[in-house]
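Colleague: One structure follows; several queries about it will come next.
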Amino acid sequence: MRYDLPERGWRKSSYSTSDAGACVEVQLTHDGLLAVGDSKDRGRGAFTFAPAAWSSFLDTVVVDAD
C-alpha cells in the first residue's frame, strides 16, 4: 500500500462509470508503478502494481467477463 501519492496525479480509470460516484483512480508513481485507489477514500492508500502485472490482470478480467 502507498500513502504518499500526490493529489494532482490521480485520473479516473477508463473502467469507472461517470455516474456511479464510486470511481477507481489510477496514477503512475515516480518509481514507475501503477497506483490504483478508491476516489471516495484516498486516505486508505493505494495498491501498486508493475504496469505489466496490471495489464495482465485487466486482460484476464476482460476475458472472464465475455
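Identifiers in this document derive from the order of the C-alpha cells: chains are assigned A, B, ..., residues are numbered from 1 separately in each chain, and ligands are numbered from 1 in order of occurrence.
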Check the DSSP output for the backbone and give back, as a PyMOL selection string, the residues of chain A in strand (DSSP E or B).
Modeller: chain A and resi 2+11-12+24-28+34-38+46-49
Colleague: Quick one: of A:Val26, A:Thr60, A:Glu7, A:Lys12, who's nearest to Ala46 (chain A), counting only C-alpha atoms?
Modeller: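 That would be A:Val26, the residue with the smallest distance to Ala46 (chain A).
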Colleague: Could you write out, as a ChimeraX atom specification, all the residues of chain A that DSSP marks as helix (DSSP H, G or I)?
Modeller: /A:7-9,42-44,51-65
Colleague: Go ahead and dump the residues you just picked, N, CA, C and O atoms, as a PDB file, in the first residue's frame.
Modeller:
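out36.pdb was written with the following content:
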```pdb
ATOM      1  N   GLU A   7      -2.030  14.389  -4.690  1.00  0.00           N
ATOM      2  CA  GLU A   7      -3.442  14.525  -5.086  1.00  0.00           C
ATOM      3  C   GLU A   7      -3.590  14.825  -6.575  1.00  0.00           C
ATOM      4  O   GLU A   7      -4.491  14.337  -7.229  1.00  0.00           O
ATOM      5  N   ARG A   8      -2.720  15.619  -7.123  1.00  0.00           N
ATOM      6  CA  ARG A   8      -2.874  16.063  -8.506  1.00  0.00           C
ATOM      7  C   ARG A   8      -2.572  14.974  -9.535  1.00  0.00           C
ATOM      8  O   ARG A   8      -2.858  15.147 -10.710  1.00  0.00           O
ATOM      9  N   GLY A   9      -2.014  13.852  -9.111  1.00  0.00           N
ATOM     10  CA  GLY A   9      -1.624  12.810 -10.053  1.00  0.00           C
ATOM     11  C   GLY A   9      -2.724  11.843 -10.433  1.00  0.00           C
ATOM     12  O   GLY A   9      -2.569  11.051 -11.362  1.00  0.00           O
ATOM     13  N   ARG A  42      -9.312   8.161  -0.453  1.00  0.00           N
ATOM     14  CA  ARG A  42      -7.879   8.099  -0.768  1.00  0.00           C
ATOM     15  C   ARG A  42      -7.027   7.889   0.476  1.00  0.00           C
ATOM     16  O   ARG A  42      -5.894   7.433   0.383  1.00  0.00           O
ATOM     17  N   GLY A  43      -7.553   8.221   1.636  1.00  0.00           N
ATOM     18  CA  GLY A  43      -6.820   8.039   2.877  1.00  0.00           C
ATOM     19  C   GLY A  43      -6.494   6.588   3.185  1.00  0.00           C
ATOM     20  O   GLY A  43      -5.615   6.306   3.997  1.00  0.00           O
ATOM     21  N   ARG A  44      -7.184   5.684   2.544  1.00  0.00           N
ATOM     22  CA  ARG A  44      -6.915   4.259   2.767  1.00  0.00           C
ATOM     23  C   ARG A  44      -5.704   3.770   1.987  1.00  0.00           C
ATOM     24  O   ARG A  44      -5.299   2.632   2.108  1.00  0.00           O
ATOM     25  N   PRO A  51       3.354  -2.102 -14.229  1.00  0.00           N
ATOM     26  CA  PRO A  51       2.425  -1.934 -15.350  1.00  0.00           C
ATOM     27  C   PRO A  51       2.100  -3.237 -16.082  1.00  0.00           C
ATOM     28  O   PRO A  51       0.947  -3.468 -16.455  1.00  0.00           O
ATOM     29  N   ALA A  52       3.072  -4.110 -16.259  1.00  0.00           N
ATOM     30  CA  ALA A  52       2.817  -5.389 -16.946  1.00  0.00           C
ATOM     31  C   ALA A  52       1.870  -6.272 -16.131  1.00  0.00           C
ATOM     32  O   ALA A  52       1.005  -6.948 -16.700  1.00  0.00           O
ATOM     33  N   ALA A  53       2.014  -6.263 -14.818  1.00  0.00           N
ATOM     34  CA  ALA A  53       1.131  -7.063 -13.966  1.00  0.00           C
ATOM     35  C   ALA A  53      -0.299  -6.528 -14.016  1.00  0.00           C
ATOM     36  O   ALA A  53      -1.259  -7.295 -14.076  1.00  0.00           O
ATOM     37  N   TRP A  54      -0.461  -5.201 -13.995  1.00  0.00           N
ATOM     38  CA  TRP A  54      -1.789  -4.598 -14.071  1.00  0.00           C
ATOM     39  C   TRP A  54      -2.441  -4.910 -15.412  1.00  0.00           C
ATOM     40  O   TRP A  54      -3.617  -5.249 -15.492  1.00  0.00           O
ATOM     41  N   SER A  55      -1.671  -4.819 -16.474  1.00  0.00           N
ATOM     42  CA  SER A  55      -2.178  -5.123 -17.811  1.00  0.00           C
ATOM     43  C   SER A  55      -2.631  -6.575 -17.903  1.00  0.00           C
ATOM     44  O   SER A  55      -3.689  -6.879 -18.458  1.00  0.00           O
ATOM     45  N   SER A  56      -1.858  -7.470 -17.343  1.00  0.00           N
ATOM     46  CA  SER A  56      -2.220  -8.893 -17.335  1.00  0.00           C
ATOM     47  C   SER A  56      -3.506  -9.127 -16.550  1.00  0.00           C
ATOM     48  O   SER A  56      -4.376  -9.894 -16.976  1.00  0.00           O
ATOM     49  N   PHE A  57      -3.641  -8.456 -15.405  1.00  0.00           N
ATOM     50  CA  PHE A  57      -4.861  -8.557 -14.604  1.00  0.00           C
ATOM     51  C   PHE A  57      -6.070  -8.097 -15.419  1.00  0.00           C
ATOM     52  O   PHE A  57      -7.093  -8.777 -15.474  1.00  0.00           O
ATOM     53  N   LEU A  58      -5.949  -6.932 -16.065  1.00  0.00           N
ATOM     54  CA  LEU A  58      -7.067  -6.417 -16.861  1.00  0.00           C
ATOM     55  C   LEU A  58      -7.411  -7.348 -18.018  1.00  0.00           C
ATOM     56  O   LEU A  58      -8.587  -7.567 -18.309  1.00  0.00           O
ATOM     57  N   ASP A  59      -6.404  -7.899 -18.676  1.00  0.00           N
ATOM     58  CA  ASP A  59      -6.662  -8.846 -19.764  1.00  0.00           C
ATOM     59  C   ASP A  59      -7.462 -10.042 -19.268  1.00  0.00           C
ATOM     60  O   ASP A  59      -8.377 -10.510 -19.924  1.00  0.00           O
ATOM     61  N   THR A  60      -7.127 -10.533 -18.082  1.00  0.00           N
ATOM     62  CA  THR A  60      -7.835 -11.684 -17.512  1.00  0.00           C
ATOM     63  C   THR A  60      -9.267 -11.317 -17.145  1.00  0.00           C
ATOM     64  O   THR A  60     -10.199 -12.070 -17.432  1.00  0.00           O
ATOM     65  N   VAL A  61      -9.471 -10.165 -16.545  1.00  0.00           N
ATOM     66  CA  VAL A  61     -10.807  -9.728 -16.151  1.00  0.00           C
ATOM     67  C   VAL A  61     -11.688  -9.561 -17.382  1.00  0.00           C
ATOM     68  O   VAL A  61     -12.842  -9.989 -17.396  1.00  0.00           O
ATOM     69  N   VAL A  62     -11.161  -8.949 -18.413  1.00  0.00           N
ATOM     70  CA  VAL A  62     -11.948  -8.711 -19.630  1.00  0.00           C
ATOM     71  C   VAL A  62     -12.304 -10.038 -20.283  1.00  0.00           C
ATOM     72  O   VAL A  62     -13.445 -10.233 -20.716  1.00  0.00           O
ATOM     73  N   VAL A  63     -11.386 -10.974 -20.358  1.00  0.00           N
ATOM     74  CA  VAL A  63     -11.660 -12.285 -20.949  1.00  0.00           C
ATOM     75  C   VAL A  63     -12.721 -13.026 -20.150  1.00  0.00           C
ATOM     76  O   VAL A  63     -13.637 -13.612 -20.700  1.00  0.00           O
ATOM     77  N   ASP A  64     -12.605 -12.985 -18.814  1.00  0.00           N
ATOM     78  CA  ASP A  64     -13.573 -13.678 -17.955  1.00  0.00           C
ATOM     79  C   ASP A  64     -14.951 -13.049 -18.024  1.00  0.00           C
ATOM     80  O   ASP A  64     -15.951 -13.699 -17.779  1.00  0.00           O
ATOM     81  N   ALA A  65     -15.039 -11.778 -18.360  1.00  0.00           N
ATOM     82  CA  ALA A  65     -16.322 -11.087 -18.437  1.00  0.00           C
ATOM     83  C   ALA A  65     -17.091 -11.442 -19.707  1.00  0.00           C
ATOM     84  O   ALA A  65     -18.291 -11.262 -19.784  1.00  0.00           O
TER      85      ALA A  65
END
```
Colleague: With only C-alpha atoms as the atoms that count, which of A:Leu33, A:Lys40, A:Phe47, A:Leu28 lies nearest to Pro6 (chain A)?
Modeller: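 That would be A:Leu28, the residue with the smallest distance to Pro6 (chain A).
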Colleague: Which residues come within 7 Å of Tyr3 (chain A), counting only C-alpha atoms, excluding same-chain residues fewer than 2 positions away, as a PDB file with N, CA, C and O atoms, in the first residue's frame?
Modeller:
```pdb
ATOM      1  N   MET A   1       0.851  -1.185   0.000  1.00  0.00           N
ATOM      2  CA  MET A   1       0.000   0.000   0.000  1.00  0.00           C
ATOM      3  C   MET A   1       0.890   1.238   0.000  1.00  0.00           C
ATOM      4  O   MET A   1       1.908   1.265   0.661  1.00  0.00           O
ATOM      5  N   LEU A   5       1.121   9.530  -2.142  1.00  0.00           N
ATOM      6  CA  LEU A   5       0.912   9.923  -3.534  1.00  0.00           C
ATOM      7  C   LEU A   5       0.284  11.307  -3.641  1.00  0.00           C
ATOM      8  O   LEU A   5      -0.605  11.652  -2.860  1.00  0.00           O
ATOM      9  N   GLY A  45      -5.147   4.642   1.153  1.00  0.00           N
ATOM     10  CA  GLY A  45      -3.959   4.277   0.385  1.00  0.00           C
ATOM     11  C   GLY A  45      -4.329   3.694  -0.961  1.00  0.00           C
ATOM     12  O   GLY A  45      -5.500   3.656  -1.357  1.00  0.00           O
ATOM     13  N   ALA A  46      -3.309   3.257  -1.666  1.00  0.00           N
ATOM     14  CA  ALA A  46      -3.497   2.704  -2.999  1.00  0.00           C
ATOM     15  C   ALA A  46      -2.624   1.469  -3.166  1.00  0.00           C
ATOM     16  O   ALA A  46      -1.506   1.413  -2.648  1.00  0.00           O
TER      17      ALA A  46
END
```
Colleague: For Glu25 (chain A), list every protein, DNA or RNA residue within 9 Å, evaluated using only C-alpha atoms, and leave out those in the same chain fewer than 4 positions away; present the list as a ChimeraX atom specification.
Modeller: /A:10-14,16,35-39
Colleague: Go ahead and write the residues just picked, C-alpha atoms, as a PDB file, in the first residue's frame.
Modeller:
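Result went into again_26.pdb, see below:
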```pdb
ATOM      1  CA  TRP A  10      -4.892  10.887  -9.974  1.00  0.00           C
ATOM      2  CA  ARG A  11      -7.055  10.252 -13.024  1.00  0.00           C
ATOM      3  CA  LYS A  12     -10.273   8.318 -13.242  1.00  0.00           C
ATOM      4  CA  SER A  13      -9.839   4.848 -14.672  1.00  0.00           C
ATOM      5  CA  SER A  14     -11.446   4.203 -18.027  1.00  0.00           C
ATOM      6  CA  SER A  16     -15.128   3.563 -13.998  1.00  0.00           C
ATOM      7  CA  ALA A  35      -1.163   3.042  -8.201  1.00  0.00           C
ATOM      8  CA  VAL A  36      -4.834   2.065  -8.021  1.00  0.00           C
ATOM      9  CA  GLY A  37      -7.099   3.659  -5.430  1.00  0.00           C
ATOM     10  CA  ASP A  38     -10.665   4.465  -4.410  1.00  0.00           C
ATOM     11  CA  SER A  39     -11.698   8.016  -5.287  1.00  0.00           C
TER      12      SER A  39
END
```
